[in-house]
file my_file-v7.tsv (TSV, C-alpha atoms)
chain	number	residue	atom	x	y	z
A	1	MET	CA	-43.43	-27.21	49.03
A	2	ARG	CA	-39.90	-26.81	50.34
A	3	PRO	CA	-38.11	-30.18	50.58
A	4	LEU	CA	-36.26	-30.78	53.81
A	5	GLY	CA	-33.50	-32.73	52.11
A	6	ILE	CA	-32.22	-29.97	49.81
A	7	ARG	CA	-32.09	-26.91	52.05
A	8	LEU	CA	-29.24	-24.75	50.83
A	9	SER	CA	-28.21	-24.11	54.42
A	10	SER	CA	-28.02	-27.79	55.37
A	11	ARG	CA	-24.70	-29.57	55.73
A	12	ARG	CA	-25.76	-32.22	53.23
A	13	ALA	CA	-26.68	-29.65	50.58
A	14	GLN	CA	-23.39	-27.78	51.05
A	15	HIS	CA	-21.39	-30.96	50.51
A	16	LEU	CA	-23.40	-32.01	47.45
A	17	VAL	CA	-23.17	-28.55	45.86
A	18	PHE	CA	-19.41	-28.55	46.43
A	19	LEU	CA	-19.05	-32.00	44.87
A	20	ALA	CA	-21.14	-30.93	41.87
A	21	HIS	CA	-18.57	-28.24	41.15
A	22	VAL	CA	-15.72	-30.72	41.60
A	23	TRP	CA	-17.38	-33.14	39.16
A	24	ALA	CA	-17.65	-30.27	36.69
A	25	CYS	CA	-13.83	-30.10	36.70
A	26	ALA	CA	-13.30	-33.87	36.43
A	27	PRO	CA	-13.77	-34.12	32.61
A	28	PHE	CA	-11.02	-31.57	32.06
A	29	LEU	CA	-8.66	-33.69	34.15
A	30	VAL	CA	-9.39	-36.64	31.87
A	31	PHE	CA	-8.97	-34.51	28.72
A	32	TRP	CA	-5.71	-33.20	30.16
A	33	MET	CA	-4.42	-36.77	30.40
A	34	LEU	CA	-5.50	-37.55	26.83
A	35	ASP	CA	-3.95	-34.43	25.30
A	36	MET	CA	-0.97	-35.47	23.15
A	37	HIS	CA	1.01	-32.32	23.91
A	38	ILE	CA	0.66	-32.84	27.66
A	39	ARG	CA	1.59	-36.52	27.30
A	40	ALA	CA	4.74	-35.50	25.39
A	41	VAL	CA	5.66	-32.96	28.07
A	42	ILE	CA	5.32	-35.27	31.06
A	43	GLY	CA	6.69	-38.37	29.31
A	44	PRO	CA	5.41	-41.96	29.01
A	45	GLU	CA	6.58	-43.02	32.47
A	46	ALA	CA	4.58	-40.26	34.15
A	47	VAL	CA	1.56	-41.08	31.99
A	48	ALA	CA	1.69	-44.73	33.08
A	49	ILE	CA	1.74	-43.67	36.73
A	50	LEU	CA	-0.91	-40.97	36.40
A	51	ARG	CA	-3.52	-43.19	34.75
A	52	PRO	CA	-4.30	-45.27	37.86
A	53	VAL	CA	-3.95	-42.18	40.10
A	54	ILE	CA	-6.59	-40.28	38.15
A	55	GLY	CA	-8.76	-43.41	38.02
A	56	LEU	CA	-8.55	-43.72	41.81
A	57	THR	CA	-9.37	-40.02	42.11
A	58	LEU	CA	-12.59	-40.52	40.16
A	59	VAL	CA	-13.48	-43.54	42.33
A	60	TYR	CA	-12.77	-41.42	45.41
A	61	LEU	CA	-15.15	-38.72	44.14
A	62	ALA	CA	-17.85	-41.32	43.45
A	63	VAL	CA	-17.56	-42.83	46.94
A	64	ARG	CA	-17.52	-39.39	48.50
A	65	THR	CA	-20.68	-38.42	46.59
A	66	VAL	CA	-22.48	-41.48	47.97
A	67	ILE	CA	-21.32	-40.57	51.48
A	68	ALA	CA	-22.47	-36.96	50.99
A	69	TRP	CA	-25.90	-38.16	49.86
A	70	ARG	CA	-26.28	-40.30	52.98
A	71	ASP	CA	-24.76	-37.56	55.18
A	72	PRO	CA	-23.80	-39.60	58.28
A	73	ASP	CA	-23.83	-37.56	61.47
A	74	TRP	CA	-20.42	-38.84	62.57
A	75	LEU	CA	-18.55	-37.44	59.54
A	76	PRO	CA	-17.44	-33.75	59.70
A	77	TRP	CA	-16.65	-33.56	55.97
A	78	GLN	CA	-15.25	-30.01	56.02
A	79	TYR	CA	-12.52	-31.20	58.38
A	80	VAL	CA	-11.87	-34.68	56.99
A	81	PHE	CA	-11.67	-34.18	53.23
A	82	PRO	CA	-9.61	-30.98	52.66
A	83	PRO	CA	-6.28	-32.62	53.68
A	84	VAL	CA	-7.11	-35.60	51.44
A	85	ASP	CA	-7.86	-33.27	48.54
A	86	VAL	CA	-4.62	-31.32	49.06
A	87	ALA	CA	-2.68	-34.59	49.05
A	88	LEU	CA	-4.39	-35.77	45.83
A	89	VAL	CA	-3.72	-32.54	43.94
A	90	SER	CA	-0.13	-32.49	45.21
A	91	ALA	CA	0.38	-36.09	44.05
A	92	ILE	CA	-1.00	-35.41	40.56
A	93	LEU	CA	1.15	-32.29	40.24
A	94	PHE	CA	4.26	-34.08	41.49
A	95	LEU	CA	3.81	-37.09	39.21
A	96	SER	CA	3.35	-34.87	36.16
A	97	HIS	CA	5.82	-32.20	35.08
A	98	ARG	CA	5.86	-30.44	38.51
A	99	GLY	CA	5.37	-27.09	36.80
A	100	PRO	CA	4.84	-24.32	39.38
A	101	MET	CA	2.67	-22.46	36.87
A	102	SER	CA	0.65	-25.52	35.83
A	103	ASN	CA	-3.12	-25.23	35.68
A	104	ILE	CA	-3.25	-28.27	37.98
A	105	THR	CA	-2.36	-25.90	40.84
A	106	LEU	CA	-5.75	-24.23	40.38
A	107	LEU	CA	-7.31	-27.36	41.91
A	108	PHE	CA	-5.80	-26.31	45.24
A	109	PHE	CA	-8.53	-23.68	45.46
A	110	LEU	CA	-11.15	-26.41	46.01
A	111	PRO	CA	-9.96	-27.67	49.43
A	112	MET	CA	-9.36	-24.08	50.50
A	113	ILE	CA	-12.95	-23.17	49.66
A	114	GLN	CA	-14.45	-26.17	51.41
A	115	ALA	CA	-12.33	-25.48	54.51
A	116	SER	CA	-13.56	-21.89	54.62
A	117	GLY	CA	-17.10	-23.28	54.57
A	118	SER	CA	-16.48	-24.72	58.03
A	119	LEU	CA	-16.61	-21.13	59.37
A	120	ASN	CA	-13.53	-22.01	61.43
A	121	VAL	CA	-10.81	-19.42	60.89
A	122	ARG	CA	-7.99	-21.55	62.27
A	123	TRP	CA	-8.97	-24.51	60.13
A	124	ALA	CA	-9.24	-22.38	56.98
A	125	ALA	CA	-5.78	-20.93	57.65
A	126	ALA	CA	-4.39	-24.42	58.38
A	127	VAL	CA	-5.65	-25.78	55.05
A	128	GLY	CA	-4.19	-22.74	53.30
A	129	PHE	CA	-0.84	-23.57	54.91
A	130	MET	CA	-1.20	-27.20	53.71
A	131	VAL	CA	-1.76	-25.91	50.17
A	132	VAL	CA	1.38	-23.78	50.28
A	133	ILE	CA	3.42	-26.73	51.55
A	134	GLY	CA	1.84	-29.05	48.96
A	135	THR	CA	2.64	-26.61	46.15
A	136	ALA	CA	6.25	-26.21	47.26
A	137	VAL	CA	6.86	-29.93	47.71
A	138	SER	CA	5.12	-31.08	44.53
A	139	THR	CA	6.92	-28.55	42.33
A	140	PHE	CA	10.36	-29.04	43.86
A	141	GLY	CA	12.98	-29.90	41.26
A	142	ALA	CA	10.85	-29.01	38.26
A	143	ASN	CA	13.83	-27.66	36.34
A	144	GLU	CA	15.71	-30.92	36.73
A	145	ILE	CA	13.15	-33.11	34.97
A	146	VAL	CA	12.58	-31.00	31.85
A	147	PRO	CA	13.75	-32.99	28.80
A	148	ALA	CA	16.46	-31.20	26.82
A	149	ASP	CA	14.75	-31.78	23.48
A	150	LEU	CA	11.50	-29.99	24.36
A	151	PRO	CA	10.52	-26.85	22.41
A	152	ARG	CA	11.74	-23.58	23.86
A	153	SER	CA	8.21	-22.41	24.67
A	154	THR	CA	7.57	-25.55	26.72
A	155	ARG	CA	10.85	-25.21	28.56
A	156	GLU	CA	10.01	-21.63	29.37
A	157	LEU	CA	6.59	-22.70	30.65
A	158	LEU	CA	8.07	-25.25	33.04
A	159	GLN	CA	11.19	-23.31	33.99
A	160	GLN	CA	9.48	-20.14	35.14
A	161	ASP	CA	11.60	-17.32	36.48
A	162	PRO	CA	11.73	-17.11	40.31
A	163	LEU	CA	9.54	-13.99	40.44
A	164	ASN	CA	6.55	-15.71	38.80
A	165	VAL	CA	6.91	-18.83	40.90
A	166	THR	CA	7.25	-16.79	44.09
A	167	PHE	CA	4.17	-14.77	43.20
A	168	ARG	CA	2.11	-17.94	42.59
A	169	ILE	CA	2.92	-19.27	46.06
A	170	TYR	CA	2.56	-15.82	47.63
A	171	PHE	CA	-0.87	-15.48	46.01
A	172	LEU	CA	-1.96	-18.75	47.59
A	173	ILE	CA	-0.93	-17.39	50.99
A	174	VAL	CA	-2.88	-14.17	50.40
A	175	LEU	CA	-5.94	-16.13	49.22
A	176	SER	CA	-5.78	-18.39	52.28
A	177	SER	CA	-5.70	-15.36	54.56
A	178	LEU	CA	-8.63	-13.76	52.74
A	179	MET	CA	-10.74	-16.93	52.94
A	180	ALA	CA	-9.97	-17.27	56.63
A	181	TYR	CA	-11.11	-13.67	57.18
A	182	GLN	CA	-14.28	-14.28	55.17
A	183	SER	CA	-14.93	-17.35	57.32
A	184	LEU	CA	-14.75	-15.15	60.40
A	185	ILE	CA	-17.22	-12.64	58.89
A	186	ALA	CA	-19.58	-15.44	57.77
A	187	ALA	CA	-19.48	-17.09	61.20
A	188	GLY	CA	-20.40	-13.83	62.90
A	189	LEU	CA	-23.19	-13.15	60.42
A	190	LYS	CA	-24.57	-16.66	60.80
A	191	GLU	CA	-24.64	-16.26	64.59
A	192	LYS	CA	-26.47	-12.92	64.35
A	193	LEU	CA	-29.01	-14.30	61.89
A	194	GLY	CA	-29.57	-17.32	64.11
A	195	VAL	CA	-30.21	-15.14	67.16
A	196	ALA	CA	-32.64	-12.97	65.17
A	197	ALA	CA	-34.48	-16.02	63.84
A	198	ASP	CA	-34.73	-17.49	67.36
A	199	ARG	CA	-36.15	-14.24	68.69
A	200	ASN	CA	-38.79	-14.08	65.96
A	201	ARG	CA	-39.72	-17.71	66.48
A	202	ILE	CA	-40.04	-17.28	70.25
A	203	ALA	CA	-42.17	-14.18	69.75
A	204	MET	CA	-44.50	-16.08	67.40
A	205	ASP	CA	-44.70	-19.06	69.75
A	206	MET	CA	-45.53	-16.82	72.68
A	207	HIS	CA	-48.13	-14.95	70.63
A	208	ASP	CA	-49.79	-18.07	69.21
A	209	GLY	CA	-49.81	-20.14	72.39
A	210	VAL	CA	-48.92	-18.80	75.81
A	211	GLN	CA	-50.38	-15.34	75.26
A	212	GLY	CA	-53.69	-16.81	74.12
A	213	HIS	CA	-53.93	-19.00	77.22
A	214	LEU	CA	-53.11	-16.09	79.51
A	215	ILE	CA	-55.71	-13.86	77.84
A	216	ALA	CA	-58.29	-16.64	78.25
A	217	LEU	CA	-57.27	-17.03	81.89
A	218	SER	CA	-57.66	-13.30	82.49
A	219	SER	CA	-61.13	-13.30	80.91
A	220	GLN	CA	-62.20	-16.33	82.93
A	221	LEU	CA	-61.04	-14.77	86.20
A	222	GLU	CA	-62.83	-11.53	85.41
A	223	LEU	CA	-66.04	-13.37	84.56
A	224	MET	CA	-65.73	-15.55	87.65
A	225	ALA	CA	-65.47	-12.45	89.85
A	226	ARG	CA	-68.75	-11.18	88.42
A	227	VAL	CA	-70.76	-14.42	88.64
A	228	ALA	CA	-69.37	-15.78	91.93
A	229	PRO	CA	-71.85	-13.88	94.20
A	230	LYS	CA	-74.80	-15.09	92.11
A	231	ASP	CA	-73.89	-18.52	90.74
A	232	GLY	CA	-71.40	-20.60	92.68
A	233	VAL	CA	-71.66	-23.58	90.30
A	234	ARG	CA	-70.79	-21.45	87.28
A	235	ALA	CA	-67.96	-19.82	89.21
A	236	ALA	CA	-66.52	-23.26	89.95
A	237	GLU	CA	-66.71	-24.18	86.27
A	238	LEU	CA	-64.90	-20.96	85.35
A	239	ALA	CA	-62.26	-21.69	87.98
A	240	GLU	CA	-61.65	-25.14	86.43
A	241	GLU	CA	-61.41	-23.59	82.96
A	242	GLY	CA	-58.95	-21.05	84.34
A	243	ARG	CA	-56.84	-23.80	85.88
A	244	GLU	CA	-56.79	-25.60	82.52
A	245	SER	CA	-55.68	-22.42	80.72
A	246	ALA	CA	-52.90	-21.93	83.28
A	247	ARG	CA	-51.77	-25.55	82.90
A	248	GLN	CA	-51.66	-25.29	79.11
A	249	ALA	CA	-49.66	-22.07	79.33
A	250	ALA	CA	-47.23	-23.78	81.75
A	251	ASP	CA	-46.90	-26.81	79.44
A	252	GLU	CA	-46.15	-24.62	76.45
A	253	LEU	CA	-43.58	-22.60	78.39
A	254	ARG	CA	-41.93	-25.83	79.51
A	255	PHE	CA	-41.88	-27.03	75.89
A	256	LEU	CA	-40.35	-23.77	74.64
A	257	VAL	CA	-37.67	-23.74	77.34
A	258	GLN	CA	-36.76	-27.35	76.57
A	259	ARG	CA	-36.38	-26.54	72.87
A	260	LEU	CA	-34.23	-23.47	73.61
A	261	ARG	CA	-31.64	-25.35	75.63
A	262	ALA	CA	-28.41	-26.49	74.03
A	263	PRO	CA	-28.91	-29.66	71.92
A	264	ALA	CA	-26.11	-31.37	73.85
A	265	LEU	CA	-28.18	-31.03	77.03
A	266	GLU	CA	-31.44	-32.30	75.56
A	267	ASP	CA	-32.60	-35.38	73.72
A	268	GLY	CA	-34.28	-33.43	70.94
A	269	PHE	CA	-37.66	-32.39	69.64
A	270	VAL	CA	-39.45	-35.73	69.99
A	271	PRO	CA	-38.96	-36.11	73.79
A	272	ALA	CA	-40.24	-32.56	74.27
A	273	LEU	CA	-43.34	-33.31	72.21
A	274	ARG	CA	-43.84	-36.62	74.04
A	275	GLN	CA	-43.77	-34.87	77.42
A	276	TYR	CA	-46.23	-32.22	76.30
A	277	ALA	CA	-48.68	-34.79	74.88
A	278	HIS	CA	-48.38	-36.90	78.05
A	279	ASN	CA	-49.20	-33.95	80.31
A	280	LEU	CA	-52.21	-32.91	78.22
A	281	CYS	CA	-53.66	-36.42	77.95
A	282	GLU	CA	-53.05	-37.27	81.59
A	283	ARG	CA	-55.04	-34.24	82.80
A	284	HIS	CA	-58.05	-35.26	80.72
A	285	GLY	CA	-57.95	-38.98	81.50
A	286	LEU	CA	-56.83	-40.08	78.01
A	287	ARG	CA	-54.49	-43.01	77.43
A	288	LEU	CA	-51.55	-41.96	75.27
A	289	ASP	CA	-49.71	-44.26	72.88
A	290	PHE	CA	-46.68	-42.29	71.64
A	291	GLN	CA	-44.74	-43.96	68.83
A	292	VAL	CA	-41.52	-43.01	67.03
A	293	VAL	CA	-40.67	-44.70	63.72
A	294	GLY	CA	-37.21	-44.36	62.23
A	295	LYS	CA	-34.22	-42.34	63.39
A	296	GLU	CA	-34.94	-38.78	64.46
A	297	VAL	CA	-33.23	-36.20	62.21
A	298	PRO	CA	-32.77	-32.45	62.80
A	299	LEU	CA	-35.72	-30.48	61.43
A	300	GLU	CA	-36.09	-26.86	60.53
A	301	PRO	CA	-37.50	-24.75	63.40
A	302	GLU	CA	-40.55	-23.93	61.25
A	303	VAL	CA	-41.26	-27.64	60.76
A	304	GLU	CA	-40.82	-28.42	64.46
A	305	ASN	CA	-43.17	-25.60	65.37
A	306	ALA	CA	-45.75	-26.79	62.83
A	307	LEU	CA	-45.58	-30.37	64.12
A	308	PHE	CA	-46.03	-29.19	67.70
A	309	ARG	CA	-48.96	-26.89	66.90
A	310	ILE	CA	-50.70	-29.54	64.79
A	311	ALA	CA	-50.31	-32.13	67.55
A	312	GLN	CA	-51.55	-29.60	70.10
A	313	GLU	CA	-54.63	-28.68	68.05
A	314	SER	CA	-55.41	-32.33	67.26
A	315	ILE	CA	-55.25	-33.51	70.87
A	316	THR	CA	-57.26	-30.49	72.03
A	317	ASN	CA	-59.96	-31.39	69.48
A	318	VAL	CA	-60.01	-34.94	70.85
A	319	VAL	CA	-60.46	-33.63	74.39
A	320	LYS	CA	-63.28	-31.28	73.44
A	321	HIS	CA	-65.23	-33.20	70.81
A	322	ALA	CA	-64.24	-36.83	70.30
A	323	GLY	CA	-65.37	-38.56	73.50
A	324	ALA	CA	-62.32	-40.81	73.09
A	325	ALA	CA	-60.53	-43.04	75.58
A	326	GLN	CA	-57.17	-43.29	73.81
A	327	VAL	CA	-54.99	-41.13	71.56
A	328	THR	CA	-52.16	-42.45	69.43
A	329	VAL	CA	-49.45	-39.97	68.41
A	330	SER	CA	-46.94	-41.25	65.88
A	331	VAL	CA	-43.88	-39.38	64.58
A	332	ALA	CA	-42.12	-41.09	61.67
A	333	PHE	CA	-38.80	-40.21	60.05
A	334	GLN	CA	-37.57	-41.51	56.70
A	335	GLY	CA	-34.47	-39.89	55.28
A	336	MET	CA	-35.10	-36.16	55.60
A	337	SER	CA	-38.89	-36.56	55.66
A	338	ALA	CA	-41.10	-36.31	58.75
A	339	GLU	CA	-44.69	-37.38	59.30
A	340	LEU	CA	-47.03	-36.82	62.25
A	341	VAL	CA	-50.21	-38.87	62.80
A	342	VAL	CA	-52.71	-38.25	65.62
A	343	GLN	CA	-55.39	-40.96	65.81
A	344	ASP	CA	-58.20	-41.27	68.38
A	345	ASP	CA	-60.83	-43.95	69.07
A	346	GLY	CA	-63.66	-41.48	69.56
A	347	GLN	CA	-67.07	-41.06	67.95
A	348	GLY	CA	-65.76	-39.52	64.75
A	349	PHE	CA	-67.99	-37.87	62.16
A	350	GLY	CA	-69.18	-38.53	58.64
A	351	VAL	CA	-68.34	-35.23	56.95
A	352	VAL	CA	-65.14	-33.35	57.78
A	353	ARG	CA	-66.25	-30.06	59.28
A	354	GLU	CA	-64.05	-27.22	58.14
A	355	GLY	CA	-63.83	-25.45	61.46
A	356	VAL	CA	-61.17	-22.98	62.46
A	357	GLY	CA	-59.05	-25.73	64.01
A	358	LEU	CA	-58.94	-27.95	60.91
A	359	ILE	CA	-58.27	-25.00	58.62
A	360	GLY	CA	-55.48	-23.89	60.95
A	361	ILE	CA	-53.89	-27.36	60.82
A	362	ARG	CA	-53.74	-27.30	57.02
A	363	GLU	CA	-52.47	-23.72	56.92
A	364	ARG	CA	-49.73	-24.42	59.46
A	365	ALA	CA	-48.53	-27.43	57.50
A	366	ALA	CA	-48.57	-25.51	54.21
A	367	ARG	CA	-46.60	-22.56	55.66
A	368	ALA	CA	-43.85	-24.94	56.78
A	369	GLY	CA	-43.67	-26.64	53.36
A	370	GLY	CA	-45.83	-29.66	54.13
A	371	ALA	CA	-49.39	-30.92	53.79
A	372	ALA	CA	-52.07	-32.10	56.22
A	373	GLU	CA	-55.21	-34.18	55.85
A	374	VAL	CA	-58.03	-35.12	58.21
A	375	THR	CA	-60.07	-38.32	57.85
A	376	SER	CA	-62.92	-39.53	60.05
A	377	SER	CA	-65.91	-41.88	60.11
A	378	PRO	CA	-68.85	-42.25	62.51
A	379	GLY	CA	-67.76	-44.50	65.35
A	380	GLY	CA	-64.33	-44.97	63.79
A	381	GLY	CA	-62.46	-42.07	65.34
A	382	THR	CA	-60.51	-39.28	63.65
A	383	ARG	CA	-57.09	-39.30	62.07
A	384	VAL	CA	-54.94	-36.22	61.46
A	385	LYS	CA	-51.86	-36.69	59.27
A	386	ALA	CA	-49.21	-34.03	58.52
A	387	SER	CA	-46.35	-34.79	56.15
A	388	PHE	CA	-43.16	-32.84	55.39
A	389	THR	CA	-41.05	-34.25	52.56

call {"tool": "encode", "arguments": {"input": "my_file-v7.tsv", "output": "structure tokens"}}
result
Amino acid sequence: MRPLGIRLSSRRAQHLVFLAHVWACAPFLVFWMLDMHIRAVIGPEAVAILRPVIGLTLVYLAVRTVIAWRDPDWLPWQYVFPPVDVALVSAILFLSHRGPMSNITLLFFLPMIQASGSLNVRWAAAVGFMVVIGTAVSTFGANEIVPADLPRSTRELLQQDPLNVTFRIYFLIVLSSLMAYQSLIAAGLKEKLGVAADRNRIAMDMHDGVQGHLIALSSQLELMARVAPKDGVRAAELAEEGRESARQAADELRFLVQRLRAPALEDGFVPALRQYAHNLCERHGLRLDFQVVGKEVPLEPEVENALFRIAQESITNVVKHAGAAQVTVSVAFQGMSAELVVQDDGQGFGVVREGVGLIGIRERAARAGGAAEVTSSPGGGTRVKASFT
């Protein structure tokens, strides 16, 4: 199964993967502080100041990891954290020996990379500009703080010639520009892939649902035309079946249109499903109890489609076979998991009959990375449960 909570394309996964790489660098920062040669270069006063700074940095990473795991909707991490990271790296570089060629400057690449992940060219360029400013400010006056008694090699490392220092800052500018350009390319590619995925999904939805209802309607009308002169009762039955096929096609089209609209204009997947279930149950005289447990979270389109089709098949089975008076539809969210339960108070059955509908429910759930089960008992109704974790 494919867990919903660790999709590589999700915002939460991107943040956690980024932080995993940052944590991989953290031990070297600690070793850097413990290295006797580095401590001699930066001096005891700088060491005393840097200890709490690095400790606070590790606490900051721990808190940020917890936030990333919870992934609150209100926090746009790719816009909030890069300036903080630039400030932290600049502070550590400034409080140490301020060497323009120090390996500490390599940490500036991290906020630049996470800013480029926002797919916002202006923001990526802005963070690159922050890095250039942070490098210049934190390394200002490096020559003035070099102790006179340091070895020549150390002095040469800290007092780099202007050409090398200029190239280091110039390289950061070039890298910022390149990342901004890559952000532009990635944003365009993401948009194209999203459009293609939407087209494929719409085509499948139309093929699986609306097209089937329209084909059934066409067959019913053709049959009705043949039997009408001979059997008026049968023609009336066919007309009612045709009306039902047309209504189901209209309901599905309404559902698809509602899901295609901009999220800012709609309440989400659950209200669309609620409206569809209400329309279907109302036409067949069923009482509907629609329940939502937990806070709704964004789901993959494949999961939404599976949930809709499973609910549709389950309610249709109730209408055709259960002889029920009430249907309960429950959608529960816990973290990044989703669960659908359709329960009726109908006649039920003792042995689960593996018809096409029940097999289709399990197959749909499995294709979307979930699992479905059907339980029933004579006189105790039927329960369909689909889980995606």

call {"tool": "residues_around", "arguments": {"input": "my_file-v7.tsv", "residues": "A:Ile310", "least_positions_apart": "5", "cutoff": "8 Å", "atoms": "only C-alpha atoms", "output": "list in words"}}
result
Ile361, Arg364, Ala365 and Ala386 of chain A

call {"tool": "write_last_selection", "arguments": {"input": "my_file-v7.tsv", "atoms": "C-alpha atoms", "output": "CSV table (one decimal), keeping the file's coordinate frame"}}
result
chain,number,residue,atom,x,y,z
A,361,ILE,CA,-53.9,-27.4,60.8
A,364,ARG,CA,-49.7,-24.4,59.5
A,365,ALA,CA,-48.5,-27.4,57.5
A,386,ALA,CA,-49.2,-34.0,58.5

call {"tool": "closest_residue", "arguments": {"input": "my_file-v7.tsv", "among": "A:Ile113, A:Leu214, A:Leu286, A:Ala325", "to": "A:Val127", "atoms": "only C-alpha atoms"}}
result
A:Ile113

call {"tool": "atom_distance", "arguments": {"input": "my_file-v7.tsv", "atom1": "atom CA of A:Lys385", "atom2": "atom CA of A:Ala332"}}
result
11.0 Å

call {"tool": "atom_distance", "arguments": {"input": "my_file-v7.tsv", "atom1": "atom CA of A:Thr328", "atom2": "atom CA of A:Ala371"}}
result
19.6 Å

call {"tool": "atom_distance", "arguments": {"input": "my_file-v7.tsv", "atom1": "atom CA of A:Gly346", "atom2": "atom CA of A:Ile315"}}
result
11.7 Å

call {"tool": "residues_around", "arguments": {"input": "my_file-v7.tsv", "residues": "A:Val341", "least_positions_apart": "4", "cutoff": "10 Å", "atoms": "all atoms listed in the file", "output": "MDAnalysis selection string"}}
result
chainID A and resid 291 307 310:311 314 328:332 372:374 383:387

call {"tool": "residues_near_point", "arguments": {"input": "my_file-v7.tsv", "point": "(-23.1, -38.7, 44.9)", "cutoff": "10 Å", "atoms": "all atoms listed in the file", "output": "PyMOL selection string"}}
result
chain A and resi 15-16+19-20+23+61-70

call {"tool": "write_last_selection", "arguments": {"input": "my_file-v7.tsv", "atoms": "C-alpha atoms", "output": "PDB file, in the coordinates of the input"}}
result
ATOM      1  CA  HIS A  15     -21.390 -30.960  50.510  1.00  0.00           C
ATOM      2  CA  LEU A  16     -23.400 -32.010  47.450  1.00  0.00           C
ATOM      3  CA  LEU A  19     -19.050 -32.000  44.870  1.00  0.00           C
ATOM      4  CA  ALA A  20     -21.140 -30.930  41.870  1.00  0.00           C
ATOM      5  CA  TRP A  23     -17.380 -33.140  39.160  1.00  0.00           C
ATOM      6  CA  LEU A  61     -15.150 -38.720  44.140  1.00  0.00           C
ATOM      7  CA  ALA A  62     -17.850 -41.320  43.450  1.00  0.00           C
ATOM      8  CA  VAL A  63     -17.560 -42.830  46.940  1.00  0.00           C
ATOM      9  CA  ARG A  64     -17.520 -39.390  48.500  1.00  0.00           C
ATOM     10  CA  THR A  65     -20.680 -38.420  46.590  1.00  0.00           C
ATOM     11  CA  VAL A  66     -22.480 -41.480  47.970  1.00  0.00           C
ATOM     12  CA  ILE A  67     -21.320 -40.570  51.480  1.00  0.00           C
ATOM     13  CA  ALA A  68     -22.470 -36.960  50.990  1.00  0.00           C
ATOM     14  CA  TRP A  69     -25.900 -38.160  49.860  1.00  0.00           C
ATOM     15  CA  ARG A  70     -26.280 -40.300  52.980  1.00  0.00           C
TER      16      ARG A  70
END

call {"tool": "closest_residue", "arguments": {"input": "my_file-v7.tsv", "among": "A:Pro111, A:Gly369, A:Gly285, A:Gly117", "to": "A:Gly134", "atoms": "all atoms listed in the file"}}
result
A:Pro111

call {"tool": "closest_residue", "arguments": {"input": "my_file-v7.tsv", "among": "A:Gln343, A:Ser90, A:Ser138, A:Thr389", "to": "A:Arg287", "atoms": "all atoms listed in the file"}}
result
A:Gln343

call {"tool": "closest_residue", "arguments": {"input": "my_file-v7.tsv", "among": "A:Gln312, A:Ser102, A:Gln326, A:Ser116", "to": "A:His284", "atoms": "all atoms listed in the file"}}
result
A:Gln326

call {"tool": "closest_residue", "arguments": {"input": "my_file-v7.tsv", "among": "A:Glu244, A:Asp85, A:Asp73, A:Asp289", "to": "A:Asp345", "atoms": "all atoms listed in the file"}}
result
A:Asp289

call {"tool": "build_atoms", "arguments": {"input": "my_file-v7.tsv", "residues": "stretch 26-36 of chain A", "atoms": "N, CA and C atoms", "output": "PDB file, keeping the file's coordinate frame"}}
result
ATOM      1  N   ALA A  26     -13.864 -32.543  36.688  1.00  0.00           N
ATOM      2  CA  ALA A  26     -13.300 -33.870  36.430  1.00  0.00           C
ATOM      3  C   ALA A  26     -13.078 -34.164  34.944  1.00  0.00           C
ATOM      4  N   PRO A  27     -14.024 -33.827  34.031  1.00  0.00           N
ATOM      5  CA  PRO A  27     -13.770 -34.120  32.610  1.00  0.00           C
ATOM      6  C   PRO A  27     -12.510 -33.456  32.067  1.00  0.00           C
ATOM      7  N   PHE A  28     -12.218 -32.262  32.541  1.00  0.00           N
ATOM      8  CA  PHE A  28     -11.020 -31.570  32.060  1.00  0.00           C
ATOM      9  C   PHE A  28      -9.756 -32.277  32.512  1.00  0.00           C
ATOM     10  N   LEU A  29      -9.811 -32.913  33.693  1.00  0.00           N
ATOM     11  CA  LEU A  29      -8.660 -33.690  34.150  1.00  0.00           C
ATOM     12  C   LEU A  29      -8.424 -34.888  33.244  1.00  0.00           C
ATOM     13  N   VAL A  30      -9.516 -35.511  32.800  1.00  0.00           N
ATOM     14  CA  VAL A  30      -9.390 -36.640  31.870  1.00  0.00           C
ATOM     15  C   VAL A  30      -8.873 -36.159  30.521  1.00  0.00           C
ATOM     16  N   PHE A  31      -9.438 -35.057  30.000  1.00  0.00           N
ATOM     17  CA  PHE A  31      -8.970 -34.510  28.720  1.00  0.00           C
ATOM     18  C   PHE A  31      -7.502 -34.104  28.808  1.00  0.00           C
ATOM     19  N   TRP A  32      -7.103 -33.599  29.963  1.00  0.00           N
ATOM     20  CA  TRP A  32      -5.710 -33.200  30.160  1.00  0.00           C
ATOM     21  C   TRP A  32      -4.783 -34.407  30.003  1.00  0.00           C
ATOM     22  N   MET A  33      -5.229 -35.556  30.519  1.00  0.00           N
ATOM     23  CA  MET A  33      -4.420 -36.770  30.400  1.00  0.00           C
ATOM     24  C   MET A  33      -4.367 -37.285  28.970  1.00  0.00           C
ATOM     25  N   LEU A  34      -5.439 -37.048  28.208  1.00  0.00           N
ATOM     26  CA  LEU A  34      -5.500 -37.550  26.830  1.00  0.00           C
ATOM     27  C   LEU A  34      -4.833 -36.618  25.824  1.00  0.00           C
ATOM     28  N   ASP A  35      -4.546 -35.399  26.219  1.00  0.00           N
ATOM     29  CA  ASP A  35      -3.950 -34.430  25.300  1.00  0.00           C
ATOM     30  C   ASP A  35      -2.523 -34.879  24.918  1.00  0.00           C
ATOM     31  N   MET A  36      -2.253 -34.964  23.625  1.00  0.00           N
ATOM     32  CA  MET A  36      -0.970 -35.470  23.150  1.00  0.00           C
ATOM     33  C   MET A  36       0.179 -34.553  23.548  1.00  0.00           C
TER      34      MET A  36
END
